[in-house]
$ cat my_file-v9.cif   # mmCIF, C-alpha atoms
data_my_file
loop_
_atom_site.label_atom_id
_atom_site.label_comp_id
_atom_site.auth_asym_id
_atom_site.auth_seq_id
_atom_site.Cartn_x
_atom_site.Cartn_y
_atom_site.Cartn_z
CA MET A 189 -5.66 -17.40 12.62
CA TYR A 190 -8.32 -19.96 11.66
CA ASN A 191 -7.32 -22.26 8.85
CA PHE A 192 -8.34 -22.09 5.19
CA ASP A 193 -7.10 -23.25 1.82
CA ILE A 194 -4.91 -21.07 -0.35
CA GLU A 195 -4.49 -21.44 -4.08
CA THR A 196 -1.92 -19.73 -6.26
CA PRO A 197 -3.10 -19.86 -9.88
CA SER A 198 -0.94 -18.46 -12.67
CA THR A 199 -3.69 -17.43 -15.10
CA VAL A 200 -6.87 -15.36 -14.79
CA LYS A 201 -8.84 -18.32 -16.14
CA ASP A 202 -7.62 -20.63 -13.37
CA ALA A 203 -8.26 -17.96 -10.76
CA VAL A 204 -11.84 -17.46 -11.93
CA ALA A 205 -12.39 -21.22 -11.83
CA ALA A 206 -10.94 -21.46 -8.31
CA LEU A 207 -13.21 -18.62 -7.15
CA LYS A 208 -16.29 -20.67 -8.05
CA GLN A 209 -15.90 -22.71 -4.85
CA GLU A 210 -18.09 -21.63 -1.99
CA ASP A 211 -16.78 -18.82 0.26
CA ALA A 212 -13.64 -18.37 -1.82
CA GLN A 213 -12.19 -14.89 -1.96
CA PRO A 214 -9.50 -13.32 -4.14
CA LEU A 215 -6.31 -12.25 -2.35
CA GLY A 216 -4.42 -9.32 -3.85
CA GLY A 217 -1.50 -8.01 -1.83
CA GLY A 218 -3.32 -8.87 1.39
CA GLN A 219 -2.44 -5.64 3.16
CA THR A 220 -6.06 -5.14 4.15
CA LEU A 221 -7.47 -8.64 3.84
CA ILE A 222 -4.89 -10.45 6.00
CA PRO A 223 -5.28 -8.11 9.02
CA THR A 224 -9.05 -8.32 8.52
CA MET A 225 -8.91 -12.11 8.60
CA LYS A 226 -6.75 -12.08 11.72
CA GLN A 227 -9.60 -10.24 13.43
CA ARG A 228 -12.10 -12.64 11.87
CA LEU A 229 -13.97 -9.76 10.29
CA ALA A 230 -13.62 -11.80 7.11
CA MET A 231 -13.60 -15.60 7.17
CA PRO A 232 -13.34 -17.00 3.66
CA SER A 233 -12.83 -20.75 3.49
CA ALA A 234 -10.42 -20.41 0.59
CA LEU A 235 -8.15 -17.68 -0.72
CA VAL A 236 -7.15 -17.40 -4.34
CA SER A 237 -3.92 -15.43 -4.57
CA LEU A 238 -3.71 -13.22 -7.65
CA LYS A 239 -0.07 -12.27 -7.16
CA GLY A 240 1.32 -15.04 -9.37
CA ILE A 241 -0.71 -14.05 -12.43
CA ASP A 242 1.79 -12.41 -14.77
CA GLU A 243 -0.87 -11.22 -17.23
CA MET A 244 -2.30 -9.00 -14.45
CA ARG A 245 0.95 -7.25 -13.73
CA GLY A 246 2.55 -4.24 -15.34
CA ILE A 247 1.86 -0.84 -16.87
CA CYS A 248 1.34 -0.07 -20.55
CA GLU A 249 -0.36 2.41 -22.86
CA ASP A 250 -3.24 1.52 -25.13
CA ASP A 251 -4.11 2.90 -28.59
CA ASP A 252 -6.28 5.62 -27.04
CA GLY A 253 -3.33 6.88 -24.97
CA ARG A 254 -4.77 5.50 -21.75
CA LEU A 255 -2.44 4.26 -19.04
CA CYS A 256 -3.36 0.62 -18.40
CA ILE A 257 -2.34 -0.83 -15.06
CA GLY A 258 -2.66 -4.55 -14.35
CA GLY A 259 -4.72 -5.41 -11.27
CA SER A 260 -1.82 -7.12 -9.48
CA THR A 261 0.57 -4.21 -10.00
CA THR A 262 1.85 -2.98 -6.64
CA HIS A 263 1.64 0.60 -5.39
CA ALA A 264 5.45 0.78 -5.52
CA GLU A 265 5.42 -0.31 -9.17
CA VAL A 266 2.82 2.35 -10.02
CA ALA A 267 4.81 5.00 -8.11
CA ALA A 268 7.90 4.11 -10.12
CA GLY A 269 6.32 3.29 -13.47
CA ALA A 270 3.38 5.63 -14.05
CA GLY A 271 5.53 8.58 -15.11
CA LYS A 272 3.11 9.36 -17.93
CA TYR A 273 0.53 10.26 -15.26
CA PRO A 274 2.57 11.99 -12.52
CA ALA A 275 -0.37 12.71 -10.19
CA LEU A 276 -1.27 9.03 -10.17
CA ALA A 277 2.34 7.97 -9.55
CA ALA A 278 2.54 10.47 -6.68
CA LEU A 279 -0.68 9.13 -5.16
CA ALA A 280 0.62 5.56 -5.28
CA GLY A 281 3.87 6.65 -3.63
CA GLN A 282 1.97 8.07 -0.64
CA ILE A 283 -0.08 4.99 0.22
CA GLY A 284 0.76 3.35 3.55
CA ASP A 285 4.48 2.78 4.02
CA PRO A 286 7.22 1.33 1.77
CA ALA A 287 6.68 -2.31 2.80
CA VAL A 288 2.92 -2.01 2.31
CA ARG A 289 3.49 -0.44 -1.13
CA ASN A 290 5.62 -3.44 -2.10
CA ARG A 291 2.70 -5.82 -1.52
CA GLY A 292 -0.56 -3.88 -1.90
CA THR A 293 -2.10 -3.81 -5.38
CA ILE A 294 -4.28 -1.41 -7.32
CA GLY A 295 -6.79 -4.17 -8.06
CA GLY A 296 -7.08 -5.03 -4.38
CA SER A 297 -7.58 -1.41 -3.39
CA VAL A 298 -10.19 -0.75 -6.05
CA ALA A 299 -12.05 -4.01 -5.30
CA ASN A 300 -12.13 -3.30 -1.56
CA ASN A 301 -13.26 0.34 -2.00
CA ASP A 302 -12.30 1.39 1.51
CA PRO A 303 -13.97 4.79 2.11
CA ALA A 304 -10.56 6.25 3.05
CA ALA A 305 -8.44 4.60 0.34
CA CYS A 306 -6.57 6.78 -2.15
CA TYR A 307 -6.97 4.90 -5.44
CA PRO A 308 -10.76 5.23 -5.70
CA ALA A 309 -10.33 9.02 -5.88
CA ALA A 310 -7.91 8.69 -8.80
CA VAL A 311 -10.07 6.16 -10.63
CA LEU A 312 -13.22 8.27 -10.26
CA ALA A 313 -11.61 11.65 -11.00
CA SER A 314 -9.88 10.25 -14.07
CA GLY A 315 -13.06 8.67 -15.39
CA ALA A 316 -11.07 5.45 -15.61
CA THR A 317 -12.40 2.11 -16.76
CA VAL A 318 -12.25 -0.90 -14.46
CA THR A 319 -11.64 -4.06 -16.47
CA THR A 320 -12.57 -7.40 -14.93
CA ASP A 321 -12.34 -11.00 -16.05
CA ARG A 322 -15.75 -10.60 -17.69
CA ARG A 323 -16.48 -6.95 -18.60
CA GLU A 324 -15.49 -3.29 -18.52
CA ILE A 325 -17.07 -0.95 -15.97
CA ALA A 326 -16.95 2.86 -16.09
CA ALA A 327 -15.74 4.45 -12.85
CA ASP A 328 -19.04 6.34 -12.49
CA ASP A 329 -20.89 3.01 -12.36
CA TYR A 330 -18.28 1.08 -10.44
CA PHE A 331 -18.21 2.71 -6.98
CA GLN A 332 -21.49 2.10 -5.15
CA GLY A 333 -20.84 3.14 -1.56
CA MET A 334 -18.56 2.26 1.31
CA PHE A 335 -16.86 -1.13 0.61
CA THR A 336 -19.39 -1.65 -2.17
CA THR A 337 -18.69 -1.89 -5.90
CA ALA A 338 -20.30 -3.20 -9.06
CA LEU A 339 -18.21 -6.37 -8.79
CA GLU A 340 -20.08 -9.65 -8.66
CA GLU A 341 -19.13 -12.62 -6.52
CA GLY A 342 -15.81 -14.03 -7.71
CA GLU A 343 -15.19 -11.22 -10.23
CA ILE A 344 -11.58 -10.06 -10.49
CA VAL A 345 -10.25 -6.59 -11.34
CA THR A 346 -7.69 -7.47 -14.00
CA GLU A 347 -6.80 -3.94 -15.16
CA VAL A 348 -7.61 -0.28 -14.65
CA LYS A 349 -7.40 2.05 -17.68
CA PHE A 350 -6.73 5.71 -16.94
CA PRO A 351 -7.28 8.48 -19.48
CA VAL A 352 -4.42 10.90 -18.84
CA PRO A 353 -5.64 14.43 -18.04
CA GLU A 354 -3.97 17.68 -19.12
CA LYS A 355 -3.38 18.56 -15.49
CA ALA A 356 -4.05 16.74 -12.25
CA ALA A 357 -3.08 16.53 -8.60
CA TYR A 358 -4.04 14.57 -5.53
CA MET A 359 -3.98 16.16 -2.11
CA LYS A 360 -4.28 13.97 0.94
CA PHE A 361 -4.92 15.16 4.46
CA GLU A 362 -3.52 12.20 6.30
CA GLN A 363 -4.82 10.55 9.41
CA PRO A 364 -1.38 10.55 10.97
CA ALA A 365 -1.49 7.09 12.56
CA SER A 366 -2.91 5.02 9.72
CA ARG A 367 -1.78 7.20 6.77
CA PHE A 368 -5.21 6.69 5.28
CA ALA A 369 -6.89 9.79 3.94
CA LEU A 370 -8.85 11.70 6.53
CA VAL A 371 -9.77 13.57 3.37
CA GLY A 372 -8.22 13.11 -0.07
CA VAL A 373 -9.13 15.10 -3.17
CA PHE A 374 -8.13 14.23 -6.72
CA VAL A 375 -8.61 16.96 -9.32
CA ALA A 376 -8.24 16.12 -13.02
CA LYS A 377 -8.54 18.67 -15.82
CA PHE A 378 -9.44 17.24 -19.23
CA ALA A 379 -10.04 19.11 -22.49
CA ASP A 380 -13.81 18.67 -22.01
CA GLY A 381 -14.03 19.51 -18.31
CA VAL A 382 -12.75 19.05 -14.80
CA ARG A 383 -13.51 16.10 -12.55
CA VAL A 384 -13.12 16.24 -8.76
CA ALA A 385 -13.29 13.09 -6.63
CA VAL A 386 -13.22 13.03 -2.85
CA THR A 387 -12.22 10.11 -0.64
CA GLY A 388 -12.11 9.70 3.12
CA ALA A 389 -14.93 12.14 3.78
CA SER A 390 -18.32 10.67 2.95
CA GLU A 391 -20.26 7.85 4.56
CA GLU A 392 -21.10 6.85 1.00
CA GLY A 393 -17.44 6.36 0.10
CA VAL A 394 -15.72 8.14 -2.77
CA PHE A 395 -17.86 10.77 -4.53
CA ARG A 396 -17.65 13.51 -7.17
CA TRP A 397 -18.04 17.09 -5.99
CA SER A 398 -20.09 18.35 -8.91
CA GLU A 399 -20.32 22.03 -7.83
CA ALA A 400 -16.54 22.21 -7.75
CA GLU A 401 -16.32 20.49 -11.12
CA ALA A 402 -18.64 23.08 -12.68
CA ALA A 403 -16.76 26.00 -11.12
CA LEU A 404 -13.36 24.67 -12.14
CA THR A 405 -14.47 23.81 -15.66
CA SER A 406 -15.29 27.47 -16.29
CA ASP A 407 -12.28 28.80 -14.35
CA PHE A 408 -9.49 26.41 -13.34
CA SER A 409 -8.22 28.34 -10.34
CA ALA A 410 -8.40 27.99 -6.57
CA GLY A 411 -10.31 31.28 -6.48
CA ALA A 412 -13.15 29.73 -8.47
CA LEU A 413 -13.96 27.60 -5.41
CA GLU A 414 -14.25 30.59 -3.09
CA GLY A 415 -18.03 30.83 -2.90
CA LEU A 416 -18.65 27.09 -2.66
CA SER A 417 -19.33 25.15 0.48
CA LEU A 418 -20.02 21.52 1.18
CA SER A 419 -22.47 20.31 3.82
CA GLY A 420 -21.23 18.21 6.73
CA ASP A 421 -24.37 16.06 6.50
CA GLY A 422 -23.50 12.54 5.45
CA MET A 423 -19.82 13.10 6.12
CA ILE A 424 -17.94 10.66 8.34
CA SER A 425 -17.81 11.81 11.93
CA ASP A 426 -15.36 10.09 14.26
CA LEU A 427 -12.71 10.84 16.86
CA HIS A 428 -10.41 12.15 14.15
CA GLY A 429 -12.80 14.79 12.90
CA SER A 430 -16.45 15.79 12.74
CA GLY A 431 -18.48 15.79 9.55
CA ASP A 432 -18.33 19.60 9.38
CA TYR A 433 -14.56 19.49 9.81
CA ARG A 434 -14.19 17.00 6.98
CA ALA A 435 -16.46 19.08 4.75
CA HIS A 436 -14.25 22.10 5.40
CA ILE A 437 -11.08 20.12 4.68
CA VAL A 438 -12.50 18.91 1.37
CA LYS A 439 -12.60 22.49 0.13
CA VAL A 440 -9.13 23.26 1.44
CA MET A 441 -7.66 20.14 -0.20
CA THR A 442 -9.48 20.87 -3.46
CA LYS A 443 -7.94 24.34 -3.59
CA ARG A 444 -4.50 22.92 -2.89
CA ALA A 445 -4.93 20.28 -5.57
CA VAL A 446 -5.89 22.93 -8.13
CA GLU A 447 -2.83 24.98 -7.18
CA ALA A 448 -0.57 21.93 -7.41
CA ALA A 449 -1.97 20.64 -10.72
CA MET B 115 1.13 -28.30 1.63
CA LYS B 116 4.82 -28.14 0.94
CA VAL B 117 6.62 -24.87 0.22
CA THR B 118 10.18 -24.34 -0.94
CA MET B 119 12.01 -21.02 -0.93
CA THR B 120 15.55 -19.72 -0.73
CA VAL B 121 16.27 -18.13 2.64
CA ASN B 122 19.54 -16.25 3.04
CA GLY B 123 20.96 -18.19 0.10
CA GLN B 124 19.92 -21.65 1.29
CA THR B 125 17.09 -23.73 -0.13
CA ARG B 126 14.56 -24.41 2.61
CA THR B 127 11.49 -26.60 2.38
CA GLY B 128 8.72 -26.94 4.92
CA GLU B 129 5.19 -28.11 5.50
CA VAL B 130 2.72 -25.23 5.89
CA GLU B 131 -1.01 -24.62 6.18
CA GLY B 132 -2.90 -22.01 4.21
CA ARG B 133 -2.87 -19.72 7.23
CA THR B 134 0.88 -20.01 7.88
CA LEU B 135 2.31 -16.50 7.73
CA LEU B 136 5.79 -15.97 6.33
CA SER B 137 6.82 -14.69 9.79
CA SER B 138 5.55 -17.92 11.41
CA PHE B 139 7.33 -20.05 8.81
CA LEU B 140 10.64 -18.27 9.38
CA ARG B 141 10.40 -18.33 13.16
CA GLU B 142 8.69 -21.65 13.86
CA ASN B 143 9.60 -23.91 10.94
CA LEU B 144 13.09 -22.61 10.30
CA GLY B 145 13.98 -21.34 13.78
CA LEU B 146 14.99 -17.94 12.41
CA THR B 147 13.70 -15.95 15.35
CA GLY B 148 15.55 -12.77 14.41
CA THR B 149 12.46 -11.71 12.48
CA HIS B 150 10.33 -10.26 15.26
CA VAL B 151 6.56 -10.10 15.42
CA GLY B 152 5.53 -6.95 17.23
CA CYS B 153 2.00 -5.95 16.42
CA ASP B 154 0.98 -8.71 13.98
CA THR B 155 -1.21 -6.14 12.23
CA SER B 156 1.32 -4.77 9.68
CA GLN B 157 1.76 -1.51 11.59
CA CYS B 158 5.07 -1.85 13.40
CA GLY B 159 7.56 -3.21 10.88
CA ALA B 160 9.55 -5.39 13.33
CA CYS B 161 8.96 -8.32 10.94
CA VAL B 162 10.31 -6.67 7.77
CA VAL B 163 12.23 -9.08 5.53
CA HIS B 164 13.07 -8.95 1.84
CA VAL B 165 11.15 -11.13 -0.62
CA ASP B 166 12.59 -11.13 -4.13
CA GLY B 167 14.52 -8.00 -3.25
CA LYS B 168 11.56 -6.02 -1.89
CA ASP B 169 11.05 -5.11 1.75
CA VAL B 170 7.76 -6.54 3.00
CA LYS B 171 6.06 -7.22 6.30
CA ALA B 172 6.43 -10.95 6.93
CA CYS B 173 3.36 -10.98 9.21
CA THR B 174 1.19 -9.85 6.31
CA MET B 175 1.88 -12.41 3.63
CA PHE B 176 1.43 -16.15 3.58
CA ALA B 177 4.27 -18.64 3.37
CA ALA B 178 2.43 -20.36 0.52
CA GLU B 179 2.82 -17.19 -1.53
CA CYS B 180 6.61 -17.46 -1.24
CA GLU B 181 7.00 -20.64 -3.27
CA GLY B 182 10.23 -20.23 -5.23
CA ALA B 183 10.97 -16.81 -3.71
CA GLU B 184 14.30 -15.43 -2.54
CA VAL B 185 13.92 -14.38 1.09
CA ALA B 186 16.49 -12.39 3.06
CA THR B 187 16.24 -12.02 6.84
CA ILE B 188 18.30 -10.31 9.52
CA GLU B 189 20.23 -13.57 10.09
CA GLY B 190 21.76 -13.27 6.63
CA GLN B 191 23.00 -9.70 7.06
CA SER B 192 26.27 -10.29 8.86
CA ALA B 193 29.21 -12.19 7.37
CA PRO B 194 29.46 -15.92 8.17
CA ASP B 195 32.15 -15.15 10.78
CA GLY B 196 29.77 -12.79 12.55
CA THR B 197 31.24 -9.54 11.26
CA LEU B 198 28.44 -7.00 11.17
CA ASN B 199 27.53 -5.38 7.86
CA LYS B 200 27.88 -1.63 7.59
CA ILE B 201 24.29 -0.92 8.59
CA GLN B 202 24.47 -3.16 11.64
CA GLN B 203 27.84 -1.67 12.57
CA ALA B 204 26.44 1.84 12.26
CA PHE B 205 23.52 0.92 14.54
CA GLN B 206 26.10 -0.19 17.10
CA ASP B 207 28.33 2.86 16.62
CA TYR B 208 25.47 5.35 16.83
CA HIS B 209 23.52 3.54 19.53
CA GLY B 210 20.66 2.99 17.08
CA LEU B 211 18.88 0.62 19.43
CA GLN B 212 17.65 0.63 22.96
CA CYS B 213 15.65 -2.52 23.77
CA GLY B 214 16.44 -3.89 20.30
CA PHE B 215 13.04 -5.34 19.52
CA CYS B 216 12.42 -3.22 16.43
CA THR B 217 16.03 -3.46 15.24
CA PRO B 218 15.76 -6.39 12.79
CA GLY B 219 12.98 -4.58 10.93
CA MET B 220 14.83 -1.27 11.09
CA VAL B 221 18.00 -2.82 9.64
CA MET B 222 16.14 -4.64 6.86
CA THR B 223 14.18 -1.48 5.99
CA ALA B 224 17.39 0.57 5.99
CA ALA B 225 19.02 -1.99 3.69
CA ALA B 226 16.13 -1.64 1.23
CA LEU B 227 16.31 2.16 1.36
CA LEU B 228 20.07 2.33 0.81
CA ARG B 229 19.94 -0.11 -2.06
CA ASP B 230 17.50 2.11 -3.98
CA ASN B 231 18.77 5.44 -2.67
CA PRO B 232 22.43 5.14 -1.55
CA THR B 233 22.68 8.70 -0.19
CA PRO B 234 19.29 9.66 1.24
CA THR B 235 18.64 12.94 2.99
CA GLU B 236 17.59 12.91 6.61
CA ALA B 237 14.01 13.65 5.53
CA GLU B 238 14.07 10.71 3.11
CA VAL B 239 15.32 8.38 5.84
CA ARG B 240 12.53 9.49 8.16
CA GLU B 241 9.94 9.10 5.44
CA TYR B 242 11.16 5.61 4.55
CA LEU B 243 10.90 4.53 8.19
CA GLU B 244 7.21 5.47 8.25
CA GLY B 245 6.19 1.82 8.66
CA ASN B 246 8.70 0.97 11.39
CA ILE B 247 7.83 1.77 14.96
CA CYS B 248 10.36 2.01 17.81
CA ARG B 249 8.48 2.03 21.09
CA CYS B 250 11.61 3.12 22.94
CA THR B 251 11.21 6.16 20.65
CA GLY B 252 14.87 5.93 19.71
CA TYR B 253 14.32 7.32 16.23
CA HIS B 254 16.97 10.02 16.30
CA ASN B 255 19.85 7.60 16.69
CA ILE B 256 18.35 5.20 14.18
CA VAL B 257 18.24 8.00 11.62
CA ARG B 258 21.82 8.96 12.47
CA ALA B 259 22.95 5.33 12.12
CA ILE B 260 21.36 5.03 8.68
CA LEU B 261 22.90 8.30 7.51
CA ALA B 262 26.28 7.06 8.77
CA ALA B 263 25.81 3.69 7.05
CA SER B 264 25.22 5.57 3.78
CA GLY B 265 28.75 6.97 4.12
CA GLN B 266 27.47 10.49 4.56
CA GLU B 267 28.61 12.75 7.28
CA VAL B 268 26.16 12.78 10.14
CA PRO B 269 25.59 16.46 10.80
CA ALA B 270 25.87 17.43 14.44
CA VAL B 271 22.41 18.89 14.28
CA ALA B 272 20.86 15.87 12.56
CA ALA B 273 17.89 14.48 14.35
CA GLU B 274 18.08 16.96 17.19
#

$ encode --input "my_file-v9.cif" --output "structure tokens"
Amino acid sequence: MYNFDIETPSTVKDAVAALKQEDAQPLGGGQTLIPTMKQRLAMPSALVSLKGIDEMRGICEDDDGRLCIGGSTTHAEVAAGAGKYPALAALAGQIGDPAVRNRGTIGGSVANNDPAACYPAAVLASGATVTTDRREIAADDYFQGMFTTALEEGEIVTEVKFPVPEKAAYMKFEQPASRFALVGVFVAKFADGVRVAVTGASEEGVFRWSEAEAALTSDFSAGALEGLSLSGDGMISDLHGSGDYRAHIVKVMTKRAVEAA
Amino acid sequence: MKVTMTVNGQTRTGEVEGRTLLSSFLRENLGLTGTHVGCDTSQCGACVVHVDGKDVKACTMFAAECEGAEVATIEGQSAPDGTLNKIQQAFQDYHGLQCGFCTPGMVMTAAALLRDNPTPTEAEVREYLEGNICRCTGYHNIVRAILAASGQEVPAVAAE
């Protein structure tokens, strides 16, 4: 690997200051970034590791009953500690493999916004709030397309706040080699309506399936989805599946998520 | 830069660069070549070690991130006189290795599983090994070895 500097600050303030240097990039658990750097698809001149920042780690509940997860909390910690939101804990427990879950972080996943990552579906379907070192961003404004978010240069995801739905489930149709979602659907039923977020399928990254949301808000059952169909246009087409195939799987996974919720 | 960590109970210090992976530090600086690097892309799990009690892929974290950490590698698994621990012994008894390249990672992953879940089911063992690849495809005997190491009876039909 080419050489670069690495810094290990212990506070958000120090991390933000370190990220002001040119070509510096935050390093979460590194489970995507390090392999990417080995291939030189990313070549930052400095990495600022966020793993040693205690204030970004852990799970708590705020006064509004939201589950607040620090940006440097690992997938394994969410799987074990998010019992108040079982669908979210289950999602975290299905990411990658055990060793990856012990390093990878929610902040890293949400900041990277891989079009096949699991967390973006949970964040969007829950209507969560992404908290950074400088502001709060609603999920609906945060995700802006494949690998693209509202984050500015050097901005760090310090926490994600999840409203806890009445019922929810995540169903992932795995790409069997990578364990990424070929299609993943997160369904969350709140008192004021249902939200459905789909990952893995669209060339635009995670998106809300609004027709399904409307149908499920009036009748929360798999049968309510019967007449709906999703177009394969704009869906990812690759050797693992065509756009039409993915569109079909979205509906199947949505039904299964409703049944499991 | 200088980094200091505890490896298999001993304090070890070394000079590293930003890019130095934990796997490189263990193998090249410390000469602990039991930690294998198979794919170097965090797929295969041959490099699994424990950092602060958690199983991680040593090829996918930097040595500089291990300042002050407790690291356990395959070299620290047997007793000082060379007596194998129960997982290693079970791998021998159940022929849980063929070429042996993936074995250090398999043993370290099994140790992490059995610490958190002392009596896993066969399905749980298989699921936990998701990030460890054996290119001899010797999975059945690996699963049997881990079930045996957990003190459970290895059913005759297991892994068939």

$ resolve_selection --input "my_file-v9.cif" --expression "the PyMOL selection byres ((chain B and resi 255) around 8)" --output "list in words"
Phe205, Tyr208, His209, Gly210, Leu211, Gly252, Tyr253, His254, Ile256, Val257, Arg258, Ala259 and Ala273 of chain B

$ write_last_selection --input "my_file-v9.cif" --atoms "C-alpha atoms" --output "PDB file, in the coordinates of the input"
ATOM      1  CA  PHE B 205      23.520   0.920  14.540  1.00  0.00           C
ATOM      2  CA  TYR B 208      25.470   5.350  16.830  1.00  0.00           C
ATOM      3  CA  HIS B 209      23.520   3.540  19.530  1.00  0.00           C
ATOM      4  CA  GLY B 210      20.660   2.990  17.080  1.00  0.00           C
ATOM      5  CA  LEU B 211      18.880   0.620  19.430  1.00  0.00           C
ATOM      6  CA  GLY B 252      14.870   5.930  19.710  1.00  0.00           C
ATOM      7  CA  TYR B 253      14.320   7.320  16.230  1.00  0.00           C
ATOM      8  CA  HIS B 254      16.970  10.020  16.300  1.00  0.00           C
ATOM      9  CA  ILE B 256      18.350   5.200  14.180  1.00  0.00           C
ATOM     10  CA  VAL B 257      18.240   8.000  11.620  1.00  0.00           C
ATOM     11  CA  ARG B 258      21.820   8.960  12.470  1.00  0.00           C
ATOM     12  CA  ALA B 259      22.950   5.330  12.120  1.00  0.00           C
ATOM     13  CA  ALA B 273      17.890  14.480  14.350  1.00  0.00           C
TER      14      ALA B 273
END

$ closest_residue --input "my_file-v9.cif" --among "A:Val298, A:Val288, A:Ala234, A:Leu221" --to "Gly245 of chain B" --atoms "all atoms listed in the file"
A:Val288

$ interface_residues --input "my_file-v9.cif" --of "chain B" --to "chain A" --cutoff "9 Å" --atoms "only C-alpha atoms" --output "number ranges by chain"
B: 131-134, 154-157, 159, 162, 168-171, 173-176, 178-179, 223, 241-246

$ resolve_selection --input "my_file-v9.cif" --expression "the PyMOL selection byres ((chain A and resi 446) around 8)" --output "list in words"
Ala356, Ala357, Val375, Phe408, Ser409, Ala410, Thr442, Lys443, Arg444, Ala445, Glu447, Ala448 and Ala449 of chain A

$ resolve_selection --input "my_file-v9.cif" --expression "the PyMOL selection byres ((chain B and resi 238) around 12)" --output "list in words"
Pro286 of chain A; Ala224, Leu227, Leu228, Asp230, Asn231, Pro232, Thr233, Pro234, Thr235, Glu236, Ala237, Val239, Arg240, Glu241, Tyr242, Leu243, Glu244, Val257, Ile260 and Leu261 of chain B

$ residues_around --input "my_file-v9.cif" --residues "segment 393-402 of chain A" --least-positions-apart "6" --cutoff "7 Å" --atoms "only C-alpha atoms" --output "PyMOL selection string"
chain A and resi 303+308-309+333-334+382-387+413

$ atom_distance --input "my_file-v9.cif" --atom1 "atom CA of Glu392 of chain A" --atom2 "atom CA of Ser419 of chain A"
13.8 Å

$ atom_distance --input "my_file-v9.cif" --atom1 "atom CA of Val236 of chain A" --atom2 "atom CA of Gly342 of chain A"
9.9 Å

$ axis_aligned_box --input "my_file-v9.cif" --around "segment 127-134 of chain B" --padding-each-side "4 Å" --output "JSON"
{"center_x": 4.3, "center_y": -23.9, "center_z": 5.1, "size_x": 22.4, "size_y": 16.4, "size_z": 13.5}

$ residues_around --input "my_file-v9.cif" --residues "Ala278 of chain A" --least-positions-apart "2" --cutoff "12 Å" --atoms "only C-alpha atoms" --output "list in words"
His263, Ala264, Glu265, Val266, Ala267, Ala268, Gly269, Ala270, Gly271, Lys272, Tyr273, Pro274, Ala275, Leu276, Ala280, Gly281, Gln282, Ile283, Cys306, Tyr307, Ala310, Ala356, Ala357, Tyr358, Met359, Lys360, Phe374, Ala448 and Ala449 of chain A
